[in-house]
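Structure file final.cif; described as mmCIF, C-alpha atoms.
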```cif
data_model
#
loop_
_atom_site.label_atom_id
_atom_site.label_comp_id
_atom_site.auth_asym_id
_atom_site.auth_seq_id
_atom_site.Cartn_x
_atom_site.Cartn_y
_atom_site.Cartn_z
CA MET A 1 5.64 -11.87 15.30
CA GLU A 2 5.93 -8.25 16.28
CA ARG A 3 3.06 -6.98 18.37
CA SER A 4 3.42 -3.25 18.42
CA PHE A 5 4.70 -0.86 15.82
CA ARG A 6 4.82 2.89 16.01
CA ALA A 7 3.13 3.10 12.60
CA ILE A 8 0.15 1.03 13.72
CA LEU A 9 -0.24 2.82 17.03
CA ASP A 10 -0.09 6.23 15.36
CA ALA A 11 -2.56 5.26 12.68
CA ASN A 12 -5.03 3.90 15.17
CA LEU A 13 -5.05 7.10 17.17
CA GLY A 14 -7.28 8.84 14.65
CA SER A 15 -8.08 12.50 14.76
CA GLY A 16 -11.06 14.76 15.22
CA VAL A 17 -9.89 17.36 12.73
CA LYS A 18 -8.84 15.05 9.94
CA ASP A 19 -11.16 12.94 7.82
CA VAL A 20 -8.25 11.24 6.06
CA THR A 21 -5.19 10.36 8.13
CA GLY A 22 -3.02 9.10 5.29
CA ILE A 23 -2.88 7.15 2.08
CA GLY A 24 -1.69 3.70 1.11
CA ALA A 25 -0.80 2.29 -2.26
CA HIS A 26 0.80 -0.63 -4.05
CA ALA A 27 3.68 -0.36 -6.48
CA CYS A 28 5.74 -2.69 -8.61
CA ALA A 29 8.64 -3.83 -6.45
CA ARG A 30 11.07 -3.80 -9.34
CA HIS A 31 10.32 -0.58 -11.19
CA GLY A 32 8.48 1.36 -8.52
CA CYS A 33 5.48 2.34 -10.64
CA TYR A 34 2.23 2.82 -8.76
CA CYS A 35 -0.41 0.22 -9.50
CA PRO A 36 -3.55 1.73 -11.03
CA SER A 37 -6.51 2.16 -8.71
CA SER A 38 -4.52 0.99 -5.68
CA GLY A 39 -4.36 4.29 -3.80
CA VAL A 40 -6.58 4.21 -0.73
CA ASN A 41 -7.34 6.79 1.91
CA PHE A 42 -6.83 5.78 5.53
CA VAL A 43 -9.75 6.69 7.70
CA LYS A 44 -8.87 6.45 11.38
CA GLY A 45 -7.98 2.98 12.56
CA GLU A 46 -8.73 1.38 9.22
CA VAL A 47 -5.26 0.64 7.97
CA GLN A 48 -5.53 -3.13 7.51
CA PRO A 49 -8.86 -3.18 5.62
CA ALA A 50 -7.54 -0.35 3.47
CA ILE A 51 -4.42 -2.27 2.48
CA ASP A 52 -6.60 -5.35 1.87
CA TYR A 53 -8.71 -3.35 -0.54
CA SER A 54 -5.64 -1.89 -2.18
CA LEU A 55 -4.22 -5.38 -2.72
CA SER A 56 -7.50 -6.56 -4.20
CA GLU A 57 -7.64 -3.62 -6.62
CA THR A 58 -3.99 -4.20 -7.51
CA CYS A 59 -4.65 -7.83 -8.44
CA LYS A 60 -7.65 -6.77 -10.49
CA HIS A 61 -6.15 -3.85 -12.39
CA THR A 62 -2.71 -5.27 -13.11
CA HIS A 63 -4.27 -8.40 -14.62
CA CYS A 64 -3.04 -10.79 -11.97
CA LEU A 65 -6.21 -12.84 -12.08
CA HIS A 66 -5.19 -15.08 -14.98
CA GLY A 67 -1.89 -16.62 -15.95
CA VAL A 68 0.12 -15.49 -12.95
CA ARG A 69 1.19 -18.30 -10.68
CA LYS A 70 2.98 -16.47 -7.94
CA ILE A 71 2.76 -13.07 -6.29
CA LEU A 72 5.40 -11.59 -4.04
CA HIS A 73 3.87 -9.17 -1.58
CA ILE A 74 6.22 -6.95 0.39
CA TYR A 75 4.99 -4.89 3.32
CA ASP A 76 6.73 -3.33 6.32
CA ILE A 77 4.50 -5.17 8.77
CA GLU A 78 3.88 -8.29 6.70
CA CYS A 79 4.44 -10.60 9.69
CA GLN A 80 1.28 -9.15 11.26
CA TYR A 81 -0.59 -8.43 8.05
CA CYS A 82 -0.38 -11.91 6.55
CA LYS A 83 -2.09 -13.54 9.55
CA ASN A 84 -5.58 -14.54 8.38
CA LEU A 85 -5.07 -12.82 5.03
CA ALA A 86 -6.68 -15.71 3.14
CA LYS A 87 -9.53 -15.77 5.65
CA ARG A 88 -10.16 -12.06 5.24
CA PHE A 89 -10.17 -12.37 1.46
CA ALA A 90 -12.55 -15.31 1.62
CA ALA A 91 -14.94 -13.38 3.85
CA GLY A 92 -14.84 -10.00 2.12
CA LYS A 93 -17.53 -9.38 -0.47
CA SER A 94 -15.81 -6.42 -2.10
CA PHE A 95 -12.62 -8.37 -2.77
CA VAL A 96 -11.53 -10.28 -5.78
CA SER A 97 -10.59 -13.78 -4.75
CA LEU A 98 -6.85 -14.21 -4.45
CA PRO A 99 -6.03 -15.70 -7.81
CA VAL A 100 -2.77 -17.49 -7.27
CA VAL A 101 -1.68 -20.69 -5.70
CA GLU A 102 1.47 -19.28 -4.23
CA PHE A 103 1.49 -16.03 -2.34
CA GLU A 104 4.95 -15.13 -1.09
CA LYS A 105 5.18 -12.75 1.82
CA ALA A 106 8.15 -10.56 2.52
CA ILE A 107 9.33 -7.52 4.42
CA GLY A 108 11.52 -4.83 2.89
CA MET A 109 15.23 -5.11 3.55
CA PHE A 110 15.34 -1.97 5.65
CA HIS A 111 12.33 -2.63 7.84
CA VAL A 112 13.10 -6.30 8.41
CA HIS A 113 16.06 -5.34 10.57
CA GLY A 114 13.72 -3.49 12.91
CA HIS A 115 11.81 -6.74 13.50
CA GLN A 116 12.70 -9.73 15.60
CA ASP A 117 15.49 -11.98 14.44
CA SER A 118 13.04 -14.69 13.45
CA CYS A 119 11.32 -12.29 11.07
CA PHE A 120 14.58 -11.75 9.22
CA PHE A 121 14.93 -15.40 8.28
CA ARG A 122 11.25 -15.81 7.53
CA TYR A 123 10.52 -12.66 5.59
CA ALA A 124 13.71 -11.13 4.14
CA THR A 125 13.51 -10.98 0.35
CA THR A 126 17.05 -12.32 -0.01
CA PHE A 127 15.90 -15.74 1.20
CA ILE A 128 12.91 -16.02 -1.11
CA LYS A 129 13.36 -18.14 -4.20
CA GLY A 130 12.58 -16.24 -7.37
CA ALA A 131 12.37 -12.86 -5.71
CA GLY A 132 15.47 -11.54 -7.43
CA MET A 133 17.37 -8.62 -5.99
CA VAL A 134 14.55 -6.48 -4.66
CA ASP A 135 14.87 -4.33 -1.58
CA GLY A 136 11.14 -3.91 -1.11
CA GLU A 137 11.46 -0.28 -0.05
CA THR A 138 10.47 1.30 -3.36
CA MET A 139 7.38 2.80 -1.82
CA GLU A 140 9.47 4.96 0.48
CA THR A 141 11.16 6.63 -2.51
CA ASN A 142 7.73 7.20 -4.05
CA TRP A 143 6.47 8.79 -0.87
CA SER A 144 9.46 11.07 -0.53
CA THR A 145 8.61 12.75 -3.84
CA LEU A 146 4.90 12.76 -3.08
CA ASN A 147 5.55 14.34 0.33
CA THR A 148 6.59 17.56 -1.38
CA VAL A 149 3.12 18.00 -2.86
CA SER A 150 0.71 16.30 -0.45
CA PRO A 151 0.82 18.97 2.32
CA SER A 152 -0.43 21.58 -0.15
CA VAL A 153 -3.67 19.67 -0.73
CA ARG A 154 -4.26 19.03 2.96
CA THR A 155 -6.94 21.73 3.09
CA ALA A 156 -8.21 21.31 -0.48
CA THR A 157 -11.51 19.60 -1.26
CA LEU A 158 -11.41 15.81 -1.34
CA ALA A 159 -12.13 15.77 -5.07
CA HIS A 160 -9.35 18.23 -5.87
CA ARG A 161 -6.93 16.44 -3.57
CA SER A 162 -7.62 13.13 -5.25
CA GLU A 163 -6.98 14.67 -8.68
CA VAL A 164 -3.74 16.35 -7.67
CA LEU A 165 -2.45 13.16 -6.07
CA ASP A 166 -3.50 11.21 -9.18
CA ASP A 167 -1.66 13.65 -11.42
CA HIS A 168 1.56 13.51 -9.47
CA MET A 169 1.53 9.75 -9.08
CA ASN A 170 0.85 9.36 -12.81
CA ASP A 171 3.66 11.77 -13.53
CA GLY A 172 5.99 9.66 -11.42
CA ASN A 173 5.01 6.57 -13.40
CA TRP A 174 5.52 8.43 -16.69
CA LYS A 175 8.97 9.70 -15.71
CA LYS A 176 10.02 6.20 -14.72
CA LEU A 177 8.83 4.96 -18.10
CA VAL A 178 10.65 7.50 -20.25
CA ASN A 179 13.83 7.50 -18.18
CA ILE A 180 14.11 3.75 -17.81
CA GLY A 181 16.88 3.65 -20.45
CA GLU A 182 19.15 5.97 -18.54
CA SER A 183 18.88 3.94 -15.39
CA SER A 184 19.68 0.63 -17.07
CA PRO A 185 23.40 -0.13 -16.89
CA VAL A 186 23.22 -2.32 -19.98
CA LEU A 187 21.58 0.33 -22.13
CA ARG A 188 23.85 3.02 -20.73
CA GLN A 189 26.88 1.08 -21.91
CA PHE A 190 25.31 0.51 -25.29
CA PHE A 191 24.23 4.08 -26.00
CA TYR A 192 27.09 5.83 -24.14
CA LEU A 193 24.52 7.81 -22.14
CA MET B 1 6.41 -13.85 -10.38
CA ARG B 2 4.80 -10.48 -9.90
CA SER B 3 6.31 -8.47 -7.09
CA PHE B 4 4.37 -5.79 -5.31
CA VAL B 5 5.39 -3.53 -2.50
CA THR B 6 2.97 -1.62 -0.34
CA ASP B 7 3.22 1.00 2.35
CA GLY B 8 1.26 3.74 4.03
CA ASN B 9 2.02 7.44 4.11
CA PHE B 10 0.76 9.61 6.91
CA THR B 11 1.93 12.91 5.43
CA ALA B 12 -0.85 12.89 2.85
CA ASP B 13 -3.62 13.60 5.33
CA HIS B 14 -6.68 15.78 4.87
CA ILE B 15 -8.54 18.23 7.08
CA LYS B 16 -12.31 17.93 7.31
CA GLN B 17 -14.28 20.16 4.97
CA LYS B 18 -17.30 22.19 5.92
CA ARG B 19 -19.48 21.11 3.00
CA ASP B 20 -18.06 18.01 1.38
CA GLN B 21 -21.37 17.31 -0.37
CA ASP B 22 -20.60 20.26 -2.68
CA ASP B 23 -17.54 18.51 -4.12
CA VAL B 24 -17.46 18.06 -7.87
CA TRP B 25 -15.75 14.78 -8.80
CA LEU B 26 -14.42 15.18 -12.33
CA SER B 27 -12.69 11.81 -12.25
CA ASP B 28 -13.24 9.07 -9.74
CA GLY B 29 -11.19 5.92 -9.68
CA GLU B 30 -9.66 6.54 -13.10
CA GLY B 31 -6.12 7.14 -11.94
CA ILE B 32 -4.08 5.78 -9.09
CA MET B 33 -6.53 6.64 -6.33
CA THR B 34 -9.30 4.08 -6.08
CA ALA B 35 -13.00 4.73 -6.72
CA ARG B 36 -14.48 6.07 -3.52
CA GLU B 37 -17.96 4.54 -3.39
CA PRO B 38 -17.04 0.84 -3.48
CA TYR B 39 -14.16 1.61 -1.14
CA GLY B 40 -16.48 3.41 1.26
CA THR B 41 -18.90 0.51 1.38
CA HIS B 42 -15.97 -1.84 1.90
CA LEU B 43 -14.76 0.11 4.92
CA LYS B 44 -18.24 0.00 6.42
CA THR B 45 -18.59 -3.76 6.03
CA ALA B 46 -14.99 -4.79 6.82
CA LYS B 47 -14.32 -5.98 10.32
CA PRO B 48 -11.56 -4.09 12.08
CA PRO B 49 -8.63 -6.27 13.14
CA LYS B 50 -8.85 -7.70 16.61
CA ASP B 51 -6.92 -5.76 19.20
CA VAL B 52 -4.67 -7.88 21.32
CA CYS B 53 -4.67 -6.94 24.99
CA PHE B 54 -1.16 -5.99 26.00
CA PHE B 55 -1.12 -8.14 29.14
CA CYS B 56 -2.52 -11.13 27.27
CA SER B 57 0.19 -10.77 24.68
CA VAL B 58 2.83 -10.77 27.40
CA LEU B 59 1.35 -13.58 29.47
CA LEU B 60 0.19 -15.80 26.63
CA PRO B 61 2.71 -15.53 23.83
CA THR B 62 1.60 -17.42 20.73
#
```
So, in terms of structure tokens, how does the structure I just supplied come out?
Amino acid sequence: MERSFRAILDANLGSGVKDVTGIGAHACARHGCYCPSSGVNFVKGEVQPAIDYSLSETCKHTHCLHGVRKILHIYDIECQYCKNLAKRFAAGKSFVSLPVVEFEKAIGMFHVHGHQDSCFFRYATTFIKGAGMVDGETMETNWSTLNTVSPSVRTATLAHRSEVLDDHMNDGNWKKLVNIGESSPVLRQFFYL
Amino acid sequence: MRSFVTDGNFTADHIKQKRDQDDVWLSDGEGIMTAREPYGTHLKTAKPPKDVCFFCSVLLPT
């Protein structure tokens, strides 16, 4: 298990000028669409409870509570995050209870190489049965487009900021939906796109 | 199997406002960003993760 990450240390520093130090969200690992209601604001030093809440909202709003037997959860620091995850969900009142029997944990294929060697064999998505060919880094591509707009709402009101972020994240989801044909090699062959 | 990926982004930060009580929330929790009141109460009640002392982590590896 890794004990110190730059991301954790930076997030825990907090700031006197900022009331929100960042955002976190869940997305579908295959298509990269943001999960509804999963975007959470990081207040200083509150990264893990925030991601917990985001995961709970994701399970609730993507209808994972019934009929889904297995969830694959991919996170850059999963080897730390998954410790006591079940315990935290059992104790938290604002959580939905984790609905599934099997909860697979994984680290994205880029970040896993920054971990210890043991993490690679435990958490790489290539070794997980049923995971398919996912890289688990879809969120980074989402952030790179969102990073072009998020600095402009840094000094906006919280309500306006939330709406602008909502709009752009929804737009990302919409573009992925309408352009999914072009990106599919099978359909591209069929329609000569 | 449902696959989800999650990550944090520290570019989307926000500077403190002078009067945040004057905010008008036209939509709250209806898009991607979560509803703020239940989330706020969650953050108050949730226990922060235990910090591991650096020397303990070196001397007593688990």
Compute the set of chain B residues within 8 Å of chain A, using all atoms listed in the file, and express it as a PyMOL selection string. chain B and resi 1-17+20+23-27+29-35+38-39+42-43+46-49+57
Selection to disk with C-alpha atoms, as a PDB file, keeping the file's coordinate frame:
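This went into again_20.pdb:
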```pdb
ATOM      1  CA  MET B   1       6.410 -13.850 -10.380  1.00  0.00           C
ATOM      2  CA  ARG B   2       4.800 -10.480  -9.900  1.00  0.00           C
ATOM      3  CA  SER B   3       6.310  -8.470  -7.090  1.00  0.00           C
ATOM      4  CA  PHE B   4       4.370  -5.790  -5.310  1.00  0.00           C
ATOM      5  CA  VAL B   5       5.390  -3.530  -2.500  1.00  0.00           C
ATOM      6  CA  THR B   6       2.970  -1.620  -0.340  1.00  0.00           C
ATOM      7  CA  ASP B   7       3.220   1.000   2.350  1.00  0.00           C
ATOM      8  CA  GLY B   8       1.260   3.740   4.030  1.00  0.00           C
ATOM      9  CA  ASN B   9       2.020   7.440   4.110  1.00  0.00           C
ATOM     10  CA  PHE B  10       0.760   9.610   6.910  1.00  0.00           C
ATOM     11  CA  THR B  11       1.930  12.910   5.430  1.00  0.00           C
ATOM     12  CA  ALA B  12      -0.850  12.890   2.850  1.00  0.00           C
ATOM     13  CA  ASP B  13      -3.620  13.600   5.330  1.00  0.00           C
ATOM     14  CA  HIS B  14      -6.680  15.780   4.870  1.00  0.00           C
ATOM     15  CA  ILE B  15      -8.540  18.230   7.080  1.00  0.00           C
ATOM     16  CA  LYS B  16     -12.310  17.930   7.310  1.00  0.00           C
ATOM     17  CA  GLN B  17     -14.280  20.160   4.970  1.00  0.00           C
ATOM     18  CA  ASP B  20     -18.060  18.010   1.380  1.00  0.00           C
ATOM     19  CA  ASP B  23     -17.540  18.510  -4.120  1.00  0.00           C
ATOM     20  CA  VAL B  24     -17.460  18.060  -7.870  1.00  0.00           C
ATOM     21  CA  TRP B  25     -15.750  14.780  -8.800  1.00  0.00           C
ATOM     22  CA  LEU B  26     -14.420  15.180 -12.330  1.00  0.00           C
ATOM     23  CA  SER B  27     -12.690  11.810 -12.250  1.00  0.00           C
ATOM     24  CA  GLY B  29     -11.190   5.920  -9.680  1.00  0.00           C
ATOM     25  CA  GLU B  30      -9.660   6.540 -13.100  1.00  0.00           C
ATOM     26  CA  GLY B  31      -6.120   7.140 -11.940  1.00  0.00           C
ATOM     27  CA  ILE B  32      -4.080   5.780  -9.090  1.00  0.00           C
ATOM     28  CA  MET B  33      -6.530   6.640  -6.330  1.00  0.00           C
ATOM     29  CA  THR B  34      -9.300   4.080  -6.080  1.00  0.00           C
ATOM     30  CA  ALA B  35     -13.000   4.730  -6.720  1.00  0.00           C
ATOM     31  CA  PRO B  38     -17.040   0.840  -3.480  1.00  0.00           C
ATOM     32  CA  TYR B  39     -14.160   1.610  -1.140  1.00  0.00           C
ATOM     33  CA  HIS B  42     -15.970  -1.840   1.900  1.00  0.00           C
ATOM     34  CA  LEU B  43     -14.760   0.110   4.920  1.00  0.00           C
ATOM     35  CA  ALA B  46     -14.990  -4.790   6.820  1.00  0.00           C
ATOM     36  CA  LYS B  47     -14.320  -5.980  10.320  1.00  0.00           C
ATOM     37  CA  PRO B  48     -11.560  -4.090  12.080  1.00  0.00           C
ATOM     38  CA  PRO B  49      -8.630  -6.270  13.140  1.00  0.00           C
ATOM     39  CA  SER B  57       0.190 -10.770  24.680  1.00  0.00           C
TER      40      SER B  57
END
```
Two-atom distance - atom CA of Ala124 of chain A, atom CA of His111 of chain A (Å): 9.4 Å
Just need the box for segment 33-42 of chain B, edges along x, y and z, holding every atom the file lists for it with 8 Å tacked onto each side, so centre and edge lengths in Å to one decimal, as JSON.
```
{"center_x": -12.7, "center_y": 2.4, "center_z": -2.4, "size_x": 28.4, "size_y": 24.5, "size_z": 24.6}
```
How many Å lie between atom CA of Val112 of chain A and atom CA of Cys79 of chain A, rounded to one decimal? 9.8 Å
Between atom CA of Tyr123 of chain A and atom CA of Pro185 of chain A, what is the spacing in Å?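 Between atom CA of Pro185 of chain A and atom CA of Tyr123 of chain A the gap works out to 28.8 Å.
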